[in-house]
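Containing compact mmCIF, C-alpha atoms: data16.txt.
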```txt
# COMPACT_ATOMS: atom_id res chain seq x y z
CA MET T 1 50.43 14.27 -106.90
CA LEU T 2 49.66 16.36 -103.98
CA ASP T 3 50.97 15.32 -100.65
CA ARG T 4 48.36 14.15 -98.25
CA LYS T 5 48.59 15.79 -94.94
CA ASN T 6 46.82 15.07 -91.76
CA ILE T 7 43.67 17.11 -91.52
CA ASP T 8 44.46 18.20 -87.99
CA ARG T 9 47.78 19.51 -88.98
CA VAL T 10 46.25 21.47 -91.83
CA PHE T 11 43.91 23.22 -89.38
CA GLN T 12 46.69 23.95 -86.98
CA GLU T 13 48.89 25.52 -89.60
CA ASN T 14 46.17 27.60 -91.12
CA LEU T 15 44.54 28.81 -87.92
CA LYS T 16 47.53 29.36 -85.69
CA ASP T 17 47.52 33.10 -86.09
CA LEU T 18 43.74 33.47 -85.96
CA GLU T 19 42.35 35.40 -82.92
CA ILE T 20 38.65 35.80 -82.29
CA GLU T 21 37.30 38.22 -79.68
CA PRO T 22 33.85 37.66 -78.13
CA SER T 23 31.38 40.40 -78.65
CA LYS T 24 30.49 42.87 -75.88
CA LYS T 25 27.10 41.25 -75.48
CA VAL T 26 28.72 37.94 -74.63
CA TRP T 27 30.87 39.59 -71.94
CA ASN T 28 27.77 41.26 -70.46
CA ASN T 29 25.93 37.96 -70.24
CA ILE T 30 28.86 36.32 -68.47
CA GLU T 31 29.12 39.13 -65.91
CA HIS T 32 25.37 39.03 -65.18
CA SER T 33 25.53 35.30 -64.67
CA LEU T 34 28.35 35.58 -62.11
CA THR T 35 26.54 38.31 -60.06
CA GLU T 36 23.29 36.30 -59.84
CA ASN T 37 25.05 33.23 -58.44
CA ARG T 38 26.75 35.30 -55.71
CA TYR T 39 23.36 36.78 -54.60
CA LYS T 40 21.77 33.33 -54.48
CA LYS T 41 24.57 32.00 -52.28
CA THR T 42 24.12 34.94 -49.83
CA ILE T 43 20.38 34.33 -49.49
CA THR T 44 20.91 30.62 -48.87
CA LEU T 45 23.42 31.28 -46.03
CA TRP T 46 21.04 33.75 -44.28
CA ARG T 47 18.21 31.26 -44.39
CA ARG T 48 20.37 28.56 -42.87
CA LEU T 49 21.47 30.79 -39.96
CA SER T 50 17.85 31.82 -39.27
CA GLY T 51 16.76 28.20 -39.11
CA VAL T 52 19.48 27.31 -36.63
CA ALA T 53 18.52 30.27 -34.38
CA MET T 54 14.84 29.23 -34.39
CA LEU T 55 15.71 25.66 -33.44
CA PHE T 56 17.85 26.95 -30.55
CA VAL T 57 15.01 29.16 -29.22
CA LEU T 58 12.52 26.29 -29.44
CA ALA T 59 14.88 23.94 -27.61
CA LEU T 60 15.48 26.52 -24.83
CA THR T 61 11.72 27.13 -24.40
CA ALA T 62 10.96 23.42 -24.21
CA GLY T 63 13.71 22.91 -21.61
CA MET T 64 12.37 25.69 -19.37
CA PHE T 65 8.83 24.31 -19.60
CA PHE T 66 10.04 20.80 -18.75
CA TYR T 67 12.02 22.14 -15.74
CA ASN T 68 9.03 24.08 -14.39
CA SER T 69 6.79 21.05 -14.79
CA ASN T 70 9.19 18.83 -12.86
CA SER T 71 9.53 21.40 -10.06
CA SER T 72 5.77 21.16 -9.29
CA VAL T 73 5.86 17.45 -8.41
CA ASP T 74 4.25 16.76 -5.02
CA PRO T 75 6.44 15.20 -2.30
CA LEU T 76 5.23 13.01 0.53
CA ASN T 77 2.82 14.38 3.09
CA GLU T 78 4.49 12.59 6.00
CA VAL T 79 8.13 13.25 6.86
CA THR T 80 9.83 11.69 9.85
CA ASN T 81 13.23 12.09 11.41
CA SER T 82 16.07 10.17 9.80
CA LYS T 83 19.86 10.08 10.17
CA THR T 84 22.10 12.28 8.04
CA ILE T 85 23.52 10.29 5.15
CA ASN T 86 26.82 10.89 3.39
CA SER T 87 27.11 9.67 -0.18
CA ASN T 88 30.08 10.61 -2.43
CA ASN T 89 30.96 13.34 0.13
CA ASN T 90 27.48 14.87 -0.32
CA LYS T 91 25.35 15.51 2.77
CA VAL T 92 21.70 14.47 2.81
CA THR T 93 19.73 16.12 5.63
CA PRO T 94 16.33 14.75 6.64
CA ILE T 95 13.61 17.31 7.31
CA ASN T 96 10.99 17.02 10.06
CA LYS T 97 7.31 17.14 9.28
CA PRO T 98 6.23 20.80 9.13
CA THR T 99 3.94 22.10 11.84
CA GLU T 100 0.51 23.54 11.12
CA LYS T 101 1.88 27.05 11.72
CA GLN T 102 4.67 26.53 9.16
CA LYS T 103 2.17 25.21 6.63
CA ILE T 104 0.00 28.29 7.10
CA GLU T 105 2.96 30.68 6.70
CA LEU T 106 4.13 28.88 3.57
CA ALA T 107 0.58 28.87 2.24
CA GLN T 108 0.33 32.63 2.66
CA THR T 109 3.71 33.17 1.00
CA ALA T 110 2.80 30.88 -1.89
CA ASN T 111 -0.49 32.71 -2.39
CA LYS T 112 1.43 35.92 -3.09
CA LYS T 113 4.25 34.52 -5.22
CA ARG T 114 3.03 31.36 -6.89
CA PRO T 115 0.88 31.49 -10.05
CA THR T 116 -2.56 30.03 -9.56
CA SER T 117 -2.36 27.86 -12.65
CA ILE T 118 0.62 25.67 -11.69
CA LYS T 119 0.01 22.15 -12.88
CA LYS T 120 0.46 19.40 -10.30
CA GLU T 121 1.96 16.07 -11.30
CA GLU T 122 1.72 12.69 -9.67
CA ARG T 123 4.41 11.84 -7.12
CA ILE T 124 6.98 9.28 -8.22
CA PHE T 125 8.73 7.18 -5.60
CA VAL T 126 11.66 4.90 -6.15
CA LYS T 127 11.11 2.64 -3.13
CA LYS T 128 8.37 1.01 -1.16
CA PRO T 129 7.14 3.39 1.57
CA ASN T 130 8.01 2.79 5.21
CA ASN T 131 6.88 6.10 6.80
CA ASN T 132 10.41 7.53 6.46
CA VAL T 133 11.53 10.14 3.95
CA ILE T 134 14.95 11.33 2.86
CA VAL T 135 15.01 14.81 1.34
CA THR T 136 18.06 15.58 -0.76
CA SER T 137 19.32 18.12 -3.24
CA GLU T 138 21.62 15.56 -4.83
CA ASN T 139 20.87 13.13 -7.60
CA ILE T 140 18.39 10.61 -6.25
CA SER T 141 20.07 7.71 -8.01
CA SER T 142 23.36 8.44 -6.22
CA VAL T 143 21.66 8.31 -2.81
CA TYR T 144 19.33 5.40 -3.53
CA LYS T 145 21.91 2.68 -3.16
CA ASN T 146 22.71 3.78 0.44
CA ILE T 147 19.09 3.97 1.68
CA GLU T 148 16.86 1.10 2.71
CA ASN T 149 13.05 1.13 3.05
CA LYS T 150 12.65 4.90 2.80
CA TYR T 151 11.20 7.37 0.35
CA ILE T 152 13.71 9.54 -1.47
CA ILE T 153 12.47 12.85 -2.84
CA ASP T 154 14.00 15.95 -4.31
CA LYS T 155 14.45 18.94 -2.00
CA ASP T 156 12.90 21.39 -4.47
CA ASP T 157 9.91 19.10 -4.88
CA PHE T 158 9.52 18.97 -1.11
CA ILE T 159 9.48 22.77 -0.80
CA ASP T 160 6.97 23.02 -3.64
CA GLU T 161 4.72 20.55 -1.82
CA LEU T 162 4.64 22.79 1.24
CA LYS T 163 3.69 25.73 -0.94
CA SER T 164 1.09 23.68 -2.79
CA ASP T 165 -0.92 23.28 0.44
CA ILE T 166 -2.66 26.47 -0.70
CA ASN T 167 -4.68 24.15 -2.94
CA VAL T 168 -5.97 22.30 0.11
CA ILE T 169 -6.32 25.16 2.60
CA THR T 170 -8.21 28.08 1.14
CA GLN T 171 -7.53 31.65 2.18
CA SER T 172 -10.67 31.79 4.33
CA GLU T 173 -9.76 28.53 6.07
CA THR T 174 -6.22 29.78 6.65
CA LYS T 175 -7.54 32.97 8.27
CA LYS T 176 -9.87 30.91 10.44
CA ILE T 177 -7.02 28.66 11.61
CA ILE T 178 -4.87 31.67 12.47
CA GLU T 179 -7.66 33.28 14.47
CA GLU T 180 -8.45 30.12 16.46
CA PRO T 181 -6.00 29.13 19.20
CA LYS T 182 -4.43 25.75 18.70
CA THR T 183 -4.86 24.81 22.33
CA LYS T 184 -7.84 25.62 24.53
CA ASN T 185 -6.41 26.36 27.95
CA TRP T 186 -9.56 27.53 29.75
CA SER T 187 -12.60 25.55 30.79
CA VAL T 188 -15.68 26.42 32.83
CA GLY T 189 -18.69 24.48 33.99
CA PRO T 190 -21.22 23.95 36.79
CA THR T 191 -20.61 21.50 39.62
CA VAL T 192 -23.14 19.64 41.75
CA ALA T 193 -22.24 17.29 44.60
CA PRO T 194 -24.13 15.37 47.27
CA VAL T 195 -22.20 15.82 50.51
CA TYR T 196 -21.68 13.52 53.49
CA TYR T 197 -20.79 15.51 56.65
CA ASN T 198 -19.31 13.96 59.80
CA THR T 199 -16.54 14.18 62.40
CA LEU T 200 -13.32 12.25 62.88
CA GLN T 201 -13.83 12.14 66.64
CA SER T 202 -16.96 11.85 68.82
CA GLY T 203 -16.90 15.34 70.33
CA SER T 204 -19.65 17.93 70.43
CA PRO T 205 -19.12 21.66 69.73
CA LEU T 206 -22.44 22.50 71.45
CA ASN T 207 -21.88 20.88 74.85
CA ASP T 208 -19.19 18.66 76.27
CA ASN T 209 -21.90 16.54 77.94
CA LEU T 210 -23.09 15.44 74.49
CA ALA T 211 -19.72 14.15 73.29
CA ASP T 212 -20.75 10.50 73.63
CA ASN T 213 -24.19 10.89 72.06
CA SER T 214 -24.55 9.30 68.63
CA LYS T 215 -24.58 11.66 65.66
CA THR T 216 -26.10 11.43 62.19
CA THR T 217 -25.99 13.65 59.12
CA ASP T 218 -28.77 15.15 57.08
CA ASP T 219 -28.81 15.27 53.31
CA ALA T 220 -26.36 17.97 52.24
CA LEU T 221 -25.54 19.55 48.91
CA SER T 222 -22.83 21.62 47.24
CA VAL T 223 -23.66 23.65 44.11
CA GLY T 224 -21.33 25.99 42.23
CA VAL T 225 -19.18 26.89 39.24
CA LYS T 226 -15.65 25.66 38.49
CA VAL T 227 -13.02 27.43 36.39
CA ASN T 228 -9.96 25.55 35.15
CA TYR T 229 -6.75 26.79 33.45
CA GLN T 230 -4.13 24.54 31.84
CA LEU T 231 -0.60 25.55 32.80
CA SER T 232 1.16 22.76 30.87
CA ASN T 233 0.45 19.35 29.36
CA LYS T 234 0.29 17.81 32.83
CA LEU T 235 -0.53 20.62 35.25
CA PHE T 236 -3.79 22.55 35.77
CA ILE T 237 -5.00 25.11 38.28
CA GLN T 238 -8.68 25.40 39.16
CA SER T 239 -10.91 27.51 41.33
CA GLY T 240 -14.51 28.68 41.48
CA ILE T 241 -17.29 29.23 43.98
CA ASN T 242 -19.62 26.77 45.74
CA LYS T 243 -22.56 27.12 48.07
CA VAL T 244 -22.24 24.35 50.68
CA GLU T 245 -25.10 23.23 52.96
CA LEU T 246 -24.08 21.05 55.92
CA ALA T 247 -26.14 19.61 58.77
CA TYR T 248 -25.81 16.98 61.50
CA ASN T 249 -27.95 15.70 64.39
CA THR T 250 -27.02 14.82 67.97
CA LYS T 251 -29.35 12.09 69.14
CA ASP T 252 -31.27 11.69 72.46
CA VAL T 253 -30.91 15.08 74.14
CA ASN T 254 -32.84 16.73 77.02
CA ALA T 255 -33.27 20.45 76.51
CA ASN T 256 -34.36 22.53 79.49
CA LEU T 257 -35.69 25.86 78.28
CA SER T 258 -36.14 28.90 80.52
CA SER T 259 -37.75 32.22 79.72
CA ALA T 260 -35.63 34.09 82.23
CA LYS T 261 -33.47 36.76 80.62
CA PHE T 262 -30.33 35.93 82.58
CA ALA T 263 -30.90 32.25 83.13
CA TYR T 264 -28.00 29.83 83.25
CA ASN T 265 -26.96 28.49 79.81
CA ASN T 266 -24.68 25.52 79.20
CA ILE T 267 -24.98 25.51 75.41
CA ASN T 268 -22.75 27.45 73.07
CA THR T 269 -25.56 29.50 71.55
CA ASP T 270 -26.78 33.07 71.84
CA LYS T 271 -30.13 32.08 73.42
CA PRO T 272 -30.21 32.24 77.26
CA GLY T 273 -31.71 29.70 79.56
CA VAL T 274 -30.95 26.56 77.55
CA ILE T 275 -29.48 23.58 79.36
CA LEU T 276 -28.64 20.45 77.38
CA SER T 277 -28.01 17.00 78.77
CA PRO T 278 -28.16 13.43 77.52
CA ILE T 279 -31.44 11.60 78.05
CA PRO T 280 -31.04 8.99 80.78
CA LYS T 281 -31.26 5.43 79.54
CA ASN T 282 -34.35 4.69 81.66
CA GLN T 283 -36.24 7.75 80.32
CA SER T 284 -38.34 7.76 77.16
CA ALA T 285 -37.22 10.27 74.54
CA ASP T 286 -40.82 10.98 73.54
CA LEU T 287 -42.13 12.31 76.90
CA PRO T 288 -41.29 15.55 78.73
CA SER T 289 -39.56 15.02 82.07
CA ALA T 290 -40.89 18.04 84.01
CA ASN T 291 -42.98 21.16 83.62
CA ASN T 292 -43.44 24.36 85.64
CA LEU T 293 -44.18 28.05 85.03
CA ASN T 294 -40.62 29.15 84.23
CA LYS T 295 -39.09 26.04 82.72
CA SER T 296 -40.00 23.30 80.29
CA THR T 297 -38.13 20.25 79.13
CA LEU T 298 -38.01 18.93 75.58
CA ASN T 299 -36.65 15.57 74.54
CA GLY T 300 -35.37 14.98 71.03
CA ASP T 301 -32.47 15.51 68.64
CA ILE T 302 -30.32 18.62 68.38
CA ASN T 303 -29.86 19.75 64.76
CA GLN T 304 -27.10 22.13 63.68
CA SER T 305 -27.43 23.57 60.15
CA ILE T 306 -24.51 25.41 58.56
CA GLU T 307 -24.10 27.08 55.17
CA TYR T 308 -20.92 28.42 53.59
CA PHE T 309 -19.68 30.09 50.45
CA GLU T 310 -16.62 28.05 49.48
CA PHE T 311 -13.72 29.36 47.35
CA PRO T 312 -11.42 26.44 46.42
CA LEU T 313 -7.92 26.82 44.99
CA GLU T 314 -6.59 23.51 43.73
CA MET T 315 -3.89 22.04 41.51
CA LYS T 316 -4.62 19.14 39.18
CA TYR T 317 -2.01 16.74 37.79
CA SER T 318 -2.84 14.65 34.72
CA LEU T 319 -2.06 10.92 34.92
CA LEU T 320 -3.89 9.95 31.71
CA ASP T 321 -4.94 12.33 28.94
CA GLN T 322 -6.92 10.49 26.29
CA LYS T 323 -10.61 10.06 25.54
CA PHE T 324 -10.89 9.12 29.20
CA GLY T 325 -8.70 11.23 31.52
CA VAL T 326 -7.50 10.61 35.07
CA ASN T 327 -6.14 13.38 37.30
CA LEU T 328 -5.04 13.88 40.91
CA ILE T 329 -6.32 16.96 42.79
CA GLY T 330 -4.96 18.70 45.88
CA GLY T 331 -5.53 22.12 47.38
CA VAL T 332 -7.29 24.26 49.99
CA SER T 333 -10.65 25.97 50.37
CA THR T 334 -11.73 29.11 52.19
CA TYR T 335 -15.23 29.16 53.73
CA PHE T 336 -17.35 32.19 54.58
CA LEU T 337 -20.20 31.45 56.99
CA THR T 338 -23.65 32.53 55.74
CA LYS T 339 -26.03 30.45 57.92
CA ASN T 340 -25.75 29.17 61.49
CA ASN T 341 -28.75 27.68 63.24
CA VAL T 342 -29.24 25.29 66.16
CA SER T 343 -32.65 23.74 66.88
CA ILE T 344 -34.22 20.80 68.69
CA ILE T 345 -36.58 18.42 66.97
CA SER T 346 -39.11 16.97 69.42
CA GLN T 347 -42.33 15.11 68.60
CA ASN T 348 -42.21 16.37 64.99
CA GLU T 349 -41.84 19.97 66.19
CA ILE T 350 -38.79 22.17 65.63
CA THR T 351 -37.78 24.67 68.30
CA SER T 352 -34.97 27.11 67.52
CA LEU T 353 -32.20 27.41 70.10
CA GLY T 354 -30.42 30.28 68.33
CA GLU T 355 -27.00 30.37 66.68
CA ALA T 356 -23.80 28.64 67.75
CA ASN T 357 -21.57 31.33 69.22
CA ASN T 358 -18.32 29.43 68.83
CA LEU T 359 -18.48 28.91 65.07
CA ASN T 360 -15.93 31.03 63.17
CA ASN T 361 -17.13 33.19 60.30
CA ILE T 362 -14.08 32.20 58.21
CA ASN T 363 -12.46 28.79 58.22
CA PHE T 364 -10.51 26.53 55.88
CA SER T 365 -10.13 22.98 54.62
CA GLY T 366 -7.51 20.77 53.01
CA ASN T 367 -8.75 19.07 49.83
CA LEU T 368 -7.70 15.81 48.19
CA GLY T 369 -9.38 13.84 45.42
CA VAL T 370 -9.43 12.20 42.00
CA ASP T 371 -10.73 13.88 38.87
CA LEU T 372 -12.16 11.79 36.01
CA ASP T 373 -12.81 13.30 32.56
CA TYR T 374 -14.65 11.99 29.54
CA LYS T 375 -14.07 14.03 26.36
CA ILE T 376 -17.19 14.42 24.23
CA ASN T 377 -15.42 16.53 21.58
CA ASN T 378 -12.76 19.21 21.36
CA SER T 379 -14.86 21.70 23.34
CA TRP T 380 -16.97 19.69 25.78
CA TYR T 381 -16.15 17.09 28.43
CA LEU T 382 -17.89 15.45 31.38
CA ASN T 383 -16.21 15.63 34.77
CA VAL T 384 -16.66 13.55 37.96
CA ALA T 385 -14.46 14.27 40.99
CA PRO T 386 -14.78 12.45 44.35
CA MET T 387 -13.28 14.83 46.95
CA PHE T 388 -12.38 14.58 50.64
CA LYS T 389 -12.24 17.91 52.54
CA TYR T 390 -11.01 18.16 56.11
CA GLN T 391 -12.00 21.41 57.89
CA PHE T 392 -9.81 23.24 60.39
CA ASN T 393 -10.23 26.48 62.35
CA THR T 394 -13.97 25.79 62.25
CA TYR T 395 -14.65 26.58 65.92
CA SER T 396 -13.09 29.27 68.07
CA ASN T 397 -13.30 27.40 71.39
CA ASN T 398 -15.10 24.63 73.24
CA SER T 399 -15.28 22.43 70.17
CA GLY T 400 -15.26 19.29 72.30
CA ASP T 401 -12.77 17.60 69.94
CA PHE T 402 -15.32 17.90 67.15
CA ARG T 403 -13.25 17.60 63.93
CA PRO T 404 -15.57 18.01 60.95
CA TYR T 405 -14.97 16.79 57.45
CA TYR T 406 -17.14 16.15 54.44
CA PHE T 407 -16.97 13.96 51.37
CA GLY T 408 -18.59 14.93 48.08
CA VAL T 409 -18.79 13.62 44.52
CA TYR T 410 -18.62 16.66 42.22
CA SER T 411 -19.86 16.33 38.65
CA GLY T 412 -20.65 18.62 35.75
CA LEU T 413 -20.42 19.38 32.02
CA ASN T 414 -17.49 21.62 31.16
CA PHE T 415 -16.78 23.84 28.16
CA LYS T 416 -13.24 24.44 26.89
CA PHE T 417 -12.20 27.69 25.19
```
What do you get writing this file as structure tokens?
Amino acid sequence: MLDRKNIDRVFQENLKDLEIEPSKKVWNNIEHSLTENRYKKTITLWRRLSGVAMLFVLALTAGMFFYNSNSSVDPLNEVTNSKTINSNNNKVTPINKPTEKQKIELAQTANKKRPTSIKKEERIFVKKPNNNVIVTSENISSVYKNIENKYIIDKDDFIDELKSDINVITQSETKKIIEEPKTKNWSVGPTVAPVYYNTLQSGSPLNDNLADNSKTTDDALSVGVKVNYQLSNKLFIQSGINKVELAYNTKDVNANLSSAKFAYNNINTDKPGVILSPIPKNQSADLPSANNLNKSTLNGDINQSIEYFEFPLEMKYSLLDQKFGVNLIGGVSTYFLTKNNVSIISQNEITSLGEANNLNNINFSGNLGVDLDYKINNSWYLNVAPMFKYQFNTYSNNSGDFRPYYFGVYSGLNFKF
């Protein structure tokens, strides 16, 4: 009986020397399979690297766009002085509110450099406003805890706000502002003043005998042009030219008139043969006292009319400069005589006695007054100025202690430029 052997052992014994070689086709298929896998792995790695690079570029672009958008945020329009603040050894310096000139210069610079299509964002504040602003280049959150009741804004945002004024002020408006002066220092306007003329003492420049006679003034007027220049916020200088008409009457006078060429004359005029004297108290002022062939007597009032061209030079100091202004005025005036006439008014008739020969052609006055202004707008203002003017060097001699002065209320509409 045959021995039974394990089937596995039979195969092992019979096939232990058997060697089988794969065919060439099999080896070719294996090699092709290995090459294809290597190529696929290379393509997959390149695609992964490309994707990472694209994500990096997109992230960088988004970051730059976000930074530019944040840099265009508007800061506050009002900036006031504030103390320097130290936080974590970092200095925070407050910035004063820019002047109009600085805004214009920044606007012009921004017009050249800044793109016209910058998008503006709403301002974001971290505290309730109290008209104070802190401008800092540090992190706002690090400064916030040390600041009370103030705005806190980023320094770059603040600078961008100054540049962004180009959106409010157009180029044409900017040019117009540059061409116009900020302050209008000059002003000019007409002046009209009723004038009251009188003397500080009861003398008479025509005749010493008439010193005690009562005197009255006629209606007088000053008309001219005033020019004013502002030296500083408080100080002004003004001048101009005025035509001044003055007149006064000496009451109750006897005038003896002679036609003789070399007759005696006791009046300071250039007409000979005139003798003036007060009317006696018991004599009527309406009737002549005597008459003959060579002499006649007139009773009435002596009138002296004087006209000058006045050139004032005055300083004005401002006490109040608002809608309603108050100023003090002081100075001097120079007068050039243009009219000089003496006449007697008797029974509604006027008889000329010539010109006063002791009246100087040039004389002066000291001026003192108050100037009141009412501003209508930036270019026009109304002006009223009560002025007292005391004259000196008016008469050369024989003035009889006659010390003239006049008081006028000058008014006019003035234009500033």
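Our summary of the geometry notes that CA of Tyr381 in chain T is positioned 14.4 Å from CA of Tyr229 in chain T.
The smallest atom-to-atom distance between Asn256 in chain T and any of T:Val274, T:Ala193, T:Val332, T:Ile241, using all atoms listed in the file, is found for T:Val274.
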Subject >> Near-Ile329 in chain T list (6 Å; all atoms listed in the file; drop same-chain fewer than 2 positions) as a PyMOL selection string >> reply: chain T and resi 315-316+368-370
Original post:
What does the distance from CA of Phe309 in chain T to CA of Glu245 in chain T come to in Å, to one decimal?
Top reply: 9.1 Å
Original post:
What gap, in Å, lies between CA of Leu257 in chain T and CA of Leu276 in chain T?
Top reply: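 We find that CA of Leu257 in chain T and CA of Leu276 in chain T lie 8.9 Å from each other.
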**OP:** Between T:Ser222, T:Asn29, T:Gln304, T:Asn377, single out the one closest to Ser411 in chain T, counting all atoms listed in the file.
**Re:**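 Counting all atoms listed in the file, the residue closest to Ser411 in chain T is T:Ser222.
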**OP:** Can you work out which one of T:Ser343, T:Phe324, T:Asp270, T:Val225 has the shortest atom-to-atom distance to Glu310 in chain T, counting all atoms listed in the file?
**Re:** T:Val225
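Those DNA, RNA and protein residues that approach the point (-14.7, 31.4, 44.7) to within 9 Å, considering all atoms listed in the file, are T:Gly224, T:Val225, T:Lys226, T:Ser239, T:Gly240, T:Ile241, T:Asn242, T:Phe309, T:Glu310, T:Phe311, T:Pro312, T:Leu313, T:Ser333, T:Thr334.
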**OP:** Would you please work out which residue, of T:Asn228, T:Asn383, T:Asn357, T:Asn198, is nearest to Val409 in chain T when using only C-alpha atoms?
**Re:**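 Under the stated criterion, the closest residue is T:Asn383.
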